[in-house]
>>> print(open('structure17.cif').read())   # mmCIF, C-alpha atoms
data_protein
loop_
_atom_site.group_PDB
_atom_site.id
_atom_site.type_symbol
_atom_site.label_atom_id
_atom_site.label_comp_id
_atom_site.auth_asym_id
_atom_site.auth_seq_id
_atom_site.Cartn_x
_atom_site.Cartn_y
_atom_site.Cartn_z
ATOM 1 C CA MET A 1 -2.274 15.073 4.858
ATOM 2 C CA PHE A 2 -4.904 12.567 3.810
ATOM 3 C CA GLU A 3 -8.581 13.033 4.689
ATOM 4 C CA ALA A 4 -10.379 9.882 5.828
ATOM 5 C CA SER A 5 -13.594 10.664 3.940
ATOM 6 C CA LYS A 6 -11.806 11.451 0.657
ATOM 7 C CA TYR A 7 -9.508 8.417 1.032
ATOM 8 C CA ASP A 8 -12.376 6.006 1.638
ATOM 9 C CA THR A 9 -14.585 7.588 -1.019
ATOM 10 C CA TRP A 10 -11.945 7.114 -3.699
ATOM 11 C CA PHE A 11 -11.516 3.435 -2.889
ATOM 12 C CA LEU A 12 -15.249 2.801 -2.643
ATOM 13 C CA ARG A 13 -15.792 4.457 -6.023
ATOM 14 C CA ASN A 14 -13.036 2.234 -7.385
ATOM 15 C CA ASN A 15 -14.336 -0.886 -5.669
ATOM 16 C CA TYR A 16 -12.785 -3.384 -8.090
ATOM 17 C CA VAL A 17 -9.386 -1.735 -7.711
ATOM 18 C CA LEU A 18 -9.832 -1.929 -3.934
ATOM 19 C CA GLU A 19 -10.798 -5.598 -4.039
ATOM 20 C CA SER A 20 -7.888 -6.444 -6.345
ATOM 21 C CA GLU A 21 -5.465 -4.840 -3.873
ATOM 22 C CA ILE A 22 -7.173 -6.579 -0.936
ATOM 23 C CA LEU A 23 -6.772 -9.958 -2.660
ATOM 24 C CA LEU A 24 -3.080 -9.250 -3.200
ATOM 25 C CA LEU A 25 -2.599 -8.520 0.496
ATOM 26 C CA ARG A 26 -4.602 -11.604 1.416
ATOM 27 C CA TYR A 27 -2.339 -13.693 -0.807
ATOM 28 C CA MET A 28 0.771 -12.308 0.875
ATOM 29 C CA LEU A 29 -0.577 -12.684 4.432
ATOM 30 C CA GLU A 30 -2.135 -16.144 4.315
ATOM 31 C CA PRO A 31 -2.441 -18.505 6.047
ATOM 32 C CA ASN A 32 -1.947 -16.580 9.302
ATOM 33 C CA PRO A 33 0.111 -13.419 9.843
ATOM 34 C CA GLY A 34 0.271 -13.942 13.616
ATOM 35 C CA ARG A 35 0.495 -10.733 15.576
ATOM 36 C CA ALA A 36 0.527 -8.151 12.803
ATOM 37 C CA LEU A 37 1.236 -4.432 12.708
ATOM 38 C CA SER A 38 -0.058 -2.187 9.929
ATOM 39 C CA VAL A 39 2.148 0.883 9.533
ATOM 40 C CA GLY A 40 0.312 3.903 8.141
ATOM 41 C CA CYS A 41 -3.066 2.183 8.246
ATOM 42 C CA GLY A 42 -4.984 5.350 7.377
ATOM 43 C CA SER A 43 -8.697 4.885 8.022
ATOM 44 C CA GLY A 44 -8.260 1.149 8.581
ATOM 45 C CA LEU A 45 -10.331 0.330 5.486
ATOM 46 C CA PHE A 46 -8.030 -2.432 4.235
ATOM 47 C CA GLU A 47 -7.612 -3.980 7.672
ATOM 48 C CA PHE A 48 -11.385 -3.906 8.260
ATOM 49 C CA ILE A 49 -12.116 -5.689 4.964
ATOM 50 C CA LEU A 50 -9.375 -8.267 5.501
ATOM 51 C CA ARG A 51 -10.823 -9.089 8.912
ATOM 52 C CA THR A 52 -14.536 -9.070 8.129
ATOM 53 C CA ARG A 53 -14.411 -10.631 4.656
ATOM 54 C CA TYR A 54 -11.418 -12.959 4.835
ATOM 55 C CA GLY A 55 -10.727 -13.608 8.520
ATOM 56 C CA ILE A 56 -7.217 -12.124 8.426
ATOM 57 C CA VAL A 57 -6.816 -10.209 11.671
ATOM 58 C CA ILE A 58 -4.542 -7.183 11.911
ATOM 59 C CA SER A 59 -5.158 -5.606 15.288
ATOM 60 C CA ASP A 60 -2.307 -3.138 15.792
ATOM 61 C CA CYS A 61 -1.698 -0.007 13.736
ATOM 62 C CA VAL A 62 0.471 3.092 13.643
ATOM 63 C CA GLU A 63 -0.934 6.177 11.925
ATOM 64 C CA PRO A 64 0.357 9.779 11.974
ATOM 65 C CA SER A 65 -3.024 11.440 11.355
ATOM 66 C CA PRO A 66 -5.264 11.724 14.447
ATOM 67 C CA ALA A 67 -8.362 12.082 12.234
ATOM 68 C CA MET A 68 -7.512 8.934 10.287
ATOM 69 C CA ALA A 69 -6.678 7.097 13.513
ATOM 70 C CA GLU A 70 -10.097 7.968 14.940
ATOM 71 C CA VAL A 71 -11.837 6.335 11.981
ATOM 72 C CA ALA A 72 -9.575 3.283 12.209
ATOM 73 C CA ARG A 73 -10.350 2.898 15.917
ATOM 74 C CA ALA A 74 -14.072 2.981 15.106
ATOM 75 C CA ARG A 75 -13.349 0.001 12.844
ATOM 76 C CA GLY A 76 -11.978 -1.965 15.789
ATOM 77 C CA LEU A 77 -8.243 -1.336 15.432
ATOM 78 C CA ASN A 78 -5.725 -0.568 18.161
ATOM 79 C CA VAL A 79 -4.069 2.563 16.776
ATOM 80 C CA ARG A 80 -1.090 4.457 18.132
ATOM 81 C CA ILE A 81 -0.203 7.863 16.758
ATOM 82 C CA GLY A 82 3.266 7.684 15.268
ATOM 83 C CA TYR A 83 5.454 7.488 12.203
ATOM 84 C CA ALA A 84 6.975 4.658 10.183
ATOM 85 C CA GLU A 85 10.466 5.991 10.902
ATOM 86 C CA GLU A 86 10.006 5.779 14.687
ATOM 87 C CA LEU A 87 7.621 2.966 15.605
ATOM 88 C CA PRO A 88 6.347 3.135 19.220
ATOM 89 C CA PHE A 89 7.043 -0.551 19.968
ATOM 90 C CA GLU A 90 9.803 -2.631 21.528
ATOM 91 C CA ASP A 91 12.196 -4.767 19.506
ATOM 92 C CA SER A 92 10.969 -8.181 18.299
ATOM 93 C CA THR A 93 7.275 -7.556 19.029
ATOM 94 C CA PHE A 94 5.461 -8.667 15.859
ATOM 95 C CA ASP A 95 5.235 -11.663 13.547
ATOM 96 C CA THR A 96 4.276 -9.506 10.545
ATOM 97 C CA VAL A 97 4.676 -5.837 9.646
ATOM 98 C CA ILE A 98 2.667 -4.402 6.735
ATOM 99 C CA LEU A 99 3.449 -1.249 4.771
ATOM 100 C CA ASN A 100 0.593 -0.970 2.300
ATOM 101 C CA GLY A 101 0.801 2.130 0.110
ATOM 102 C CA VAL A 102 3.095 3.754 2.653
ATOM 103 C CA LEU A 103 6.704 3.861 1.414
ATOM 104 C CA ASP A 104 5.905 6.491 -1.206
ATOM 105 C CA TYR A 105 4.765 8.927 1.496
ATOM 106 C CA VAL A 106 7.336 8.545 4.276
ATOM 107 C CA LYS A 107 10.124 11.077 4.756
ATOM 108 C CA ASP A 108 12.846 8.444 5.178
ATOM 109 C CA ASP A 109 12.132 5.150 3.418
ATOM 110 C CA VAL A 110 15.403 3.553 4.571
ATOM 111 C CA LYS A 111 14.619 4.219 8.222
ATOM 112 C CA ALA A 112 11.000 3.070 7.804
ATOM 113 C CA VAL A 113 12.067 -0.353 6.528
ATOM 114 C CA ARG A 114 14.748 -0.692 9.203
ATOM 115 C CA GLU A 115 12.198 0.141 11.885
ATOM 116 C CA ALA A 116 9.958 -2.628 10.537
ATOM 117 C CA TYR A 117 12.926 -5.000 10.786
ATOM 118 C CA ARG A 118 13.572 -3.908 14.377
ATOM 119 C CA VAL A 119 10.053 -4.569 15.671
ATOM 120 C CA LEU A 120 9.772 -7.939 13.919
ATOM 121 C CA LYS A 121 10.575 -11.161 15.715
ATOM 122 C CA PRO A 122 13.298 -13.333 14.164
ATOM 123 C CA GLY A 123 11.512 -15.442 11.565
ATOM 124 C CA GLY A 124 8.888 -12.736 11.058
ATOM 125 C CA HIS A 125 7.845 -11.183 7.777
ATOM 126 C CA ILE A 126 7.433 -7.763 6.241
ATOM 127 C CA VAL A 127 4.866 -7.161 3.496
ATOM 128 C CA VAL A 128 5.391 -4.063 1.356
ATOM 129 C CA ALA A 129 2.766 -3.295 -1.302
ATOM 130 C CA ASP A 130 2.674 -0.224 -3.508
ATOM 131 C CA VAL A 131 2.192 1.390 -6.895
ATOM 132 C CA ILE A 132 5.467 0.954 -8.767
ATOM 133 C CA ALA A 133 7.094 3.821 -10.633
ATOM 134 C CA GLU A 134 7.567 1.941 -13.907
ATOM 135 C CA GLY A 135 3.954 0.730 -14.066
ATOM 136 C CA SER A 136 1.094 2.383 -15.947
ATOM 137 C CA TYR A 137 -0.335 3.938 -12.777
ATOM 138 C CA GLY A 138 3.048 5.270 -11.676
ATOM 139 C CA LEU A 139 3.729 6.837 -15.073
ATOM 140 C CA LEU A 140 0.201 8.240 -15.349
ATOM 141 C CA TYR A 141 0.413 9.731 -11.855
ATOM 142 C CA LYS A 142 3.742 11.362 -12.690
ATOM 143 C CA LEU A 143 2.269 12.807 -15.877
ATOM 144 C CA ALA A 144 -0.684 14.224 -13.934
ATOM 145 C CA GLU A 145 1.714 15.768 -11.427
ATOM 146 C CA LEU A 146 3.781 17.392 -14.183
ATOM 147 C CA LEU A 147 0.679 18.686 -15.975
ATOM 148 C CA GLY A 148 -0.738 19.888 -12.663
ATOM 149 C CA SER A 149 -4.218 18.447 -12.997
ATOM 150 C CA TRP A 150 -6.338 15.531 -14.165
ATOM 151 C CA ASP A 151 -8.246 18.067 -16.292
ATOM 152 C CA ASP A 152 -5.474 18.683 -18.790
ATOM 153 C CA PRO A 153 -6.985 17.956 -22.255
ATOM 154 C CA TYR A 154 -4.527 15.158 -23.029
ATOM 155 C CA ILE A 155 -4.621 13.298 -19.740
ATOM 156 C CA ALA A 156 -8.404 13.677 -19.444
ATOM 157 C CA ARG A 157 -8.692 11.417 -22.510
ATOM 158 C CA VAL A 158 -6.716 8.547 -20.985
ATOM 159 C CA ARG A 159 -7.222 8.729 -17.233
ATOM 160 C CA PRO A 160 -9.559 6.543 -15.143
ATOM 161 C CA LEU A 161 -13.127 7.721 -14.590
ATOM 162 C CA ASN A 162 -12.357 8.426 -10.916
ATOM 163 C CA PRO A 163 -8.641 9.278 -10.726
ATOM 164 C CA TYR A 164 -6.617 9.357 -7.518
ATOM 165 C CA PRO A 165 -6.873 12.820 -5.899
ATOM 166 C CA ILE A 166 -4.211 15.041 -7.416
ATOM 167 C CA GLU A 167 -3.104 16.364 -4.011
ATOM 168 C CA TYR A 168 -2.198 12.797 -2.958
ATOM 169 C CA VAL A 169 -0.377 12.240 -6.238
ATOM 170 C CA ARG A 170 1.744 15.347 -5.605
ATOM 171 C CA GLN A 171 2.811 14.071 -2.177
ATOM 172 C CA ALA A 172 4.096 10.706 -3.403
ATOM 173 C CA ARG A 173 7.528 9.541 -4.527
ATOM 174 C CA TRP A 174 6.928 6.329 -6.424
ATOM 175 C CA HIS A 175 9.525 3.555 -6.071
ATOM 176 C CA THR A 176 10.667 1.121 -8.729
ATOM 177 C CA VAL A 177 10.738 -2.626 -8.157
ATOM 178 C CA ASP A 178 14.536 -2.506 -7.882
ATOM 179 C CA GLU A 179 14.383 0.318 -5.331
ATOM 180 C CA ILE A 180 11.957 -1.581 -3.097
ATOM 181 C CA ARG A 181 14.000 -4.756 -3.402
ATOM 182 C CA LYS A 182 17.161 -2.867 -2.394
ATOM 183 C CA LEU A 183 15.457 -1.225 0.588
ATOM 184 C CA LEU A 184 14.407 -4.628 1.901
ATOM 185 C CA GLU A 185 17.678 -6.416 1.259
ATOM 186 C CA ASP A 186 19.795 -3.589 2.680
ATOM 187 C CA ALA A 187 17.739 -3.747 5.886
ATOM 188 C CA GLY A 188 18.544 -7.457 6.220
ATOM 189 C CA PHE A 189 15.411 -9.061 4.754
ATOM 190 C CA ILE A 190 15.426 -12.079 2.458
ATOM 191 C CA ILE A 191 12.709 -11.693 -0.172
ATOM 192 C CA VAL A 192 10.607 -14.847 -0.286
ATOM 193 C CA LYS A 193 7.643 -13.827 -2.452
ATOM 194 C CA VAL A 194 6.714 -11.141 -4.976
ATOM 195 C CA ALA A 195 3.247 -10.803 -6.516
ATOM 196 C CA GLN A 196 1.305 -8.266 -8.565
ATOM 197 C CA THR A 197 -2.157 -7.072 -9.483
ATOM 198 C CA LEU A 198 -3.820 -4.315 -11.555
ATOM 199 C CA THR A 199 -2.335 -5.564 -14.822
ATOM 200 C CA ARG A 200 -4.838 -3.687 -16.977
ATOM 201 C CA HIS A 201 -4.317 -0.082 -18.017
ATOM 202 C CA PRO A 202 -5.594 2.292 -15.276
ATOM 203 C CA ARG A 203 -8.461 3.413 -17.494
ATOM 204 C CA TYR A 204 -9.859 -0.128 -17.418
ATOM 205 C CA SER A 205 -8.637 -1.545 -14.101
ATOM 206 C CA ASN A 206 -11.908 -0.863 -12.283
ATOM 207 C CA GLU A 207 -13.988 -2.893 -14.743
ATOM 208 C CA SER A 208 -13.485 -6.193 -12.894
ATOM 209 C CA VAL A 209 -11.596 -7.755 -9.985
ATOM 210 C CA GLU A 210 -8.131 -9.199 -10.625
ATOM 211 C CA TYR A 211 -6.530 -12.060 -8.726
ATOM 212 C CA PRO A 212 -2.836 -11.899 -7.796
ATOM 213 C CA ILE A 213 -0.166 -13.121 -10.186
ATOM 214 C CA ASP A 214 3.288 -14.151 -8.988
ATOM 215 C CA GLY A 215 6.161 -11.892 -9.995
ATOM 216 C CA TYR A 216 6.344 -8.236 -10.957
ATOM 217 C CA ASP A 217 6.906 -8.133 -14.715
ATOM 218 C CA ARG A 218 3.481 -9.015 -16.122
ATOM 219 C CA GLY A 219 2.176 -5.460 -16.241
ATOM 220 C CA GLY A 220 1.139 -5.325 -12.578
ATOM 221 C CA ASP A 221 0.873 -1.758 -11.329
ATOM 222 C CA TYR A 222 0.460 -2.759 -7.682
ATOM 223 C CA VAL A 223 3.275 -5.029 -6.513
ATOM 224 C CA ALA A 224 3.772 -6.691 -3.132
ATOM 225 C CA PHE A 225 6.985 -8.000 -1.628
ATOM 226 C CA LYS A 226 7.242 -10.419 1.283
ATOM 227 C CA GLY A 227 10.530 -10.351 3.173
ATOM 228 C CA TRP A 228 11.732 -12.742 5.882
ATOM 229 C CA LYS A 229 13.780 -11.661 8.890
ATOM 230 C CA PRO A 230 16.383 -14.377 9.601
#
>>> encode(input="structure17.cif", output="structure tokens")
Amino acid sequence: MFEASKYDTWFLRNNYVLESEILLLRYMLEPNPGRALSVGCGSGLFEFILRTRYGIVISDCVEPSPAMAEVARARGLNVRIGYAEELPFEDSTFDTVILNGVLDYVKDDVKAVREAYRVLKPGGHIVVADVIAEGSYGLLYKLAELLGSWDDPYIARVRPLNPYPIEYVRQARWHTVDEIRKLLEDAGFIIVKVAQTLTRHPRYSNESVEYPIDGYDRGGDYVAFKGWKP
């Protein structure tokens, strides 16, 4: 279970990483996501920044953690307690569904994507953004998990200054680009856009903000997919 204070603190200490990921989401959501649902919104940090800095409004959220949901509500979001695999909404409710950093933590990724499809209106879009398994972050996280700590003498030499909390790393199951693509296409989505960010090695990715680059094969560790529901 994630803690709101630890989650926010990590992102705020890695502010350029945060902004790079925000800009990727902005790129995928512009010009207007319509009525949008954020699944697994956590503390609502991303949604708050998108609204206050860039005018992209995401009002509705689903979050399994009551403590996280409380923080997100304080940031002006309408949050229902629930899970990605069983969204508490009727069919064809939303224009956009967002799963940002979520698929790696759900129990059933197939059901989570199909639930997003169900609650989308025909013509709506899903946006899935995540660390990819084959990227530098994904490989570094897996190494840290296998070694059991960021303090191992080898990994301490190559890790970022403020690494992702090891307990969150242990909970994740990182997906490859091909696995995410298959999840979306098997659910019935047509992929209309793919973009990436965090192309520098994790040790250096918080040195400056990166703008999104189309595609997924330019070294981007955080990749976003936009799927269309026919």
>>> resolve_selection(input="structure17.cif", expression="the PyMOL selection byres ((chain A and resi 208-217) around 9)", output="VMD selection string")
chain A and resid 15 to 21 23 to 25 27 177 193 to 199 204 to 207 218 to 224
>>> closest_atom_pairs(input="structure17.cif", of="segment 63-128 of chain A", to="segment 41-47 of chain A", cutoff="6 Å", atoms="only C-alpha atoms", output="tab-separated table")
residue	atom	partner	partner_atom	distance
A:Glu63	CA	A:Cys41	CA	5.8
A:Met68	CA	A:Ser43	CA	4.8
A:Val71	CA	A:Ser43	CA	5.3
A:Ala72	CA	A:Gly44	CA	4.4
>>> closest_residue(input="structure17.cif", among="A:Phe94, A:Tyr105, A:Phe225, A:Tyr117", to="Pro33 of chain A", atoms="all atoms listed in the file")
A:Phe94
>>> residues_near_point(input="structure17.cif", point="(9.8, 6.1, 1.2)", cutoff="9 Å", atoms="only C-alpha atoms", output="list in words")
Val102, Leu103, Asp104, Tyr105, Val106, Lys107, Asp108, Asp109, Val110, Lys111, Ala112, Val113, Ala172, Arg173, Trp174 and His175 of chain A
>>> residues_near_point(input="structure17.cif", point="(1.0, 11.2, 9.5)", cutoff="7 Å", atoms="all atoms listed in the file", output="PyMOL selection string")
chain A and resi 1+63-65+83
>>> write_last_selection(input="structure17.cif", atoms="C-alpha atoms", output="mmCIF file, in the coordinates of the input")
data_model
loop_
_atom_site.group_PDB
_atom_site.id
_atom_site.type_symbol
_atom_site.label_atom_id
_atom_site.label_comp_id
_atom_site.auth_asym_id
_atom_site.auth_seq_id
_atom_site.Cartn_x
_atom_site.Cartn_y
_atom_site.Cartn_z
ATOM 1 C CA MET A 1 -2.274 15.073 4.858
ATOM 2 C CA GLU A 63 -0.934 6.177 11.925
ATOM 3 C CA PRO A 64 0.357 9.779 11.974
ATOM 4 C CA SER A 65 -3.024 11.440 11.355
ATOM 5 C CA TYR A 83 5.454 7.488 12.203
#
>>> resolve_selection(input="structure17.cif", expression="the PyMOL selection byres ((chain A and resi 56) around 9)", output="compact mmCIF listing (two decimals) with C-alpha atoms, in the frame of the given file")
# COMPACT_ATOMS: atom_id res chain seq x y z
CA ARG A 26 -4.60 -11.60 1.42
CA LEU A 29 -0.58 -12.68 4.43
CA GLU A 30 -2.13 -16.14 4.32
CA PRO A 31 -2.44 -18.50 6.05
CA ASN A 32 -1.95 -16.58 9.30
CA PRO A 33 0.11 -13.42 9.84
CA GLU A 47 -7.61 -3.98 7.67
CA ILE A 49 -12.12 -5.69 4.96
CA LEU A 50 -9.38 -8.27 5.50
CA ARG A 51 -10.82 -9.09 8.91
CA THR A 52 -14.54 -9.07 8.13
CA ARG A 53 -14.41 -10.63 4.66
CA TYR A 54 -11.42 -12.96 4.84
CA GLY A 55 -10.73 -13.61 8.52
CA VAL A 57 -6.82 -10.21 11.67
CA ILE A 58 -4.54 -7.18 11.91
>>> residues_around(input="structure17.cif", residues="Lys229 of chain A", least_positions_apart="3", cutoff="10 Å", atoms="all atoms listed in the file", output="list in words")
Asp95, Thr96, Ala116, Tyr117, Arg118, Leu120, Lys121, Pro122, Gly123, Gly124, His125, Ile126, Leu184, Ala187, Gly188, Phe189, Ile190 and Ile191 of chain A
>>> decode(input="structure17.cif", residues="segment 136-147 of chain A", atoms="all heavy atoms", output="mmCIF file, in the first residue's frame")
data_model
loop_
_atom_site.group_PDB
_atom_site.id
_atom_site.type_symbol
_atom_site.label_atom_id
_atom_site.label_comp_id
_atom_site.auth_asym_id
_atom_site.auth_seq_id
_atom_site.Cartn_x
_atom_site.Cartn_y
_atom_site.Cartn_z
ATOM 1 N N SER A 136 15.607 1.564 -19.079
ATOM 2 C CA SER A 136 16.649 1.633 -18.039
ATOM 3 C C SER A 136 16.048 1.615 -16.643
ATOM 4 O O SER A 136 16.580 0.963 -15.732
ATOM 5 C CB SER A 136 17.489 2.899 -18.230
ATOM 6 O OG SER A 136 18.174 2.865 -19.453
ATOM 7 N N TYR A 137 14.951 2.346 -16.434
ATOM 8 C CA TYR A 137 14.304 2.342 -15.121
ATOM 9 C C TYR A 137 13.790 0.950 -14.780
ATOM 10 O O TYR A 137 13.985 0.453 -13.671
ATOM 11 C CB TYR A 137 13.152 3.337 -15.080
ATOM 12 C CG TYR A 137 13.511 4.707 -14.586
ATOM 13 C CD1 TYR A 137 13.714 5.754 -15.474
ATOM 14 C CD2 TYR A 137 13.640 4.974 -13.226
ATOM 15 C CE1 TYR A 137 14.040 7.027 -15.027
ATOM 16 C CE2 TYR A 137 13.963 6.241 -12.770
ATOM 17 C CZ TYR A 137 14.165 7.265 -13.672
ATOM 18 O OH TYR A 137 14.480 8.523 -13.224
ATOM 19 N N GLY A 138 13.092 0.317 -15.735
ATOM 20 C CA GLY A 138 12.541 -1.003 -15.476
ATOM 21 C C GLY A 138 13.616 -2.011 -15.109
ATOM 22 O O GLY A 138 13.459 -2.803 -14.175
ATOM 23 N N LEU A 139 14.727 -1.989 -15.844
ATOM 24 C CA LEU A 139 15.824 -2.920 -15.563
ATOM 25 C C LEU A 139 16.500 -2.593 -14.238
ATOM 26 O O LEU A 139 16.863 -3.501 -13.469
ATOM 27 C CB LEU A 139 16.828 -2.886 -16.709
ATOM 28 C CG LEU A 139 16.306 -3.433 -18.045
ATOM 29 C CD1 LEU A 139 17.296 -3.112 -19.172
ATOM 30 C CD2 LEU A 139 16.051 -4.922 -17.962
ATOM 31 N N LEU A 140 16.673 -1.303 -13.952
ATOM 32 C CA LEU A 140 17.299 -0.902 -12.691
ATOM 33 C C LEU A 140 16.417 -1.279 -11.506
ATOM 34 O O LEU A 140 16.907 -1.763 -10.471
ATOM 35 C CB LEU A 140 17.573 0.595 -12.696
ATOM 36 C CG LEU A 140 18.454 1.137 -11.567
ATOM 37 C CD1 LEU A 140 19.869 0.584 -11.675
ATOM 38 C CD2 LEU A 140 18.486 2.667 -11.616
ATOM 39 N N TYR A 141 15.104 -1.077 -11.650
ATOM 40 C CA TYR A 141 14.181 -1.441 -10.579
ATOM 41 C C TYR A 141 14.221 -2.946 -10.325
ATOM 42 O O TYR A 141 14.175 -3.400 -9.178
ATOM 43 C CB TYR A 141 12.763 -1.014 -10.936
ATOM 44 C CG TYR A 141 12.499 0.471 -10.861
ATOM 45 C CD1 TYR A 141 11.355 1.024 -11.438
ATOM 46 C CD2 TYR A 141 13.378 1.335 -10.209
ATOM 47 C CE1 TYR A 141 11.099 2.375 -11.371
ATOM 48 C CE2 TYR A 141 13.123 2.691 -10.149
ATOM 49 C CZ TYR A 141 11.986 3.218 -10.723
ATOM 50 O OH TYR A 141 11.722 4.555 -10.660
ATOM 51 N N LYS A 142 14.271 -3.723 -11.409
ATOM 52 C CA LYS A 142 14.313 -5.182 -11.232
ATOM 53 C C LYS A 142 15.606 -5.600 -10.545
ATOM 54 O O LYS A 142 15.600 -6.487 -9.669
ATOM 55 C CB LYS A 142 14.194 -5.868 -12.600
ATOM 56 C CG LYS A 142 14.012 -7.376 -12.493
ATOM 57 C CD LYS A 142 12.708 -7.721 -11.754
ATOM 58 C CE LYS A 142 12.494 -9.203 -11.640
ATOM 59 N NZ LYS A 142 11.246 -9.530 -10.889
ATOM 60 N N LEU A 143 16.711 -4.960 -10.894
ATOM 61 C CA LEU A 143 17.978 -5.256 -10.241
ATOM 62 C C LEU A 143 17.911 -4.937 -8.752
ATOM 63 O O LEU A 143 18.371 -5.715 -7.910
ATOM 64 C CB LEU A 143 19.108 -4.475 -10.910
ATOM 65 C CG LEU A 143 20.515 -4.673 -10.337
ATOM 66 C CD1 LEU A 143 20.930 -6.133 -10.392
ATOM 67 C CD2 LEU A 143 21.511 -3.788 -11.080
ATOM 68 N N ALA A 144 17.331 -3.781 -8.417
ATOM 69 C CA ALA A 144 17.197 -3.405 -7.006
ATOM 70 C C ALA A 144 16.333 -4.413 -6.257
ATOM 71 O O ALA A 144 16.634 -4.777 -5.110
ATOM 72 C CB ALA A 144 16.592 -2.006 -6.895
ATOM 73 N N GLU A 145 15.273 -4.876 -6.902
ATOM 74 C CA GLU A 145 14.412 -5.880 -6.270
ATOM 75 C C GLU A 145 15.181 -7.168 -6.005
ATOM 76 O O GLU A 145 15.093 -7.753 -4.916
ATOM 77 C CB GLU A 145 13.217 -6.168 -7.177
ATOM 78 C CG GLU A 145 12.270 -7.233 -6.631
ATOM 79 C CD GLU A 145 11.229 -7.654 -7.638
ATOM 80 O OE1 GLU A 145 11.094 -7.002 -8.692
ATOM 81 O OE2 GLU A 145 10.563 -8.678 -7.386
ATOM 82 N N LEU A 146 15.954 -7.613 -6.985
ATOM 83 C CA LEU A 146 16.713 -8.862 -6.839
ATOM 84 C C LEU A 146 17.805 -8.735 -5.780
ATOM 85 O O LEU A 146 18.066 -9.682 -5.030
ATOM 86 C CB LEU A 146 17.324 -9.256 -8.184
ATOM 87 C CG LEU A 146 16.325 -9.677 -9.272
ATOM 88 C CD1 LEU A 146 17.041 -9.856 -10.599
ATOM 89 C CD2 LEU A 146 15.593 -10.946 -8.876
ATOM 90 N N LEU A 147 18.436 -7.565 -5.708
ATOM 91 C CA LEU A 147 19.485 -7.338 -4.719
ATOM 92 C C LEU A 147 18.914 -7.025 -3.340
ATOM 93 O O LEU A 147 19.627 -7.105 -2.343
ATOM 94 C CB LEU A 147 20.408 -6.218 -5.176
ATOM 95 C CG LEU A 147 21.250 -6.520 -6.426
ATOM 96 C CD1 LEU A 147 22.013 -5.279 -6.879
ATOM 97 C CD2 LEU A 147 22.215 -7.667 -6.155
#
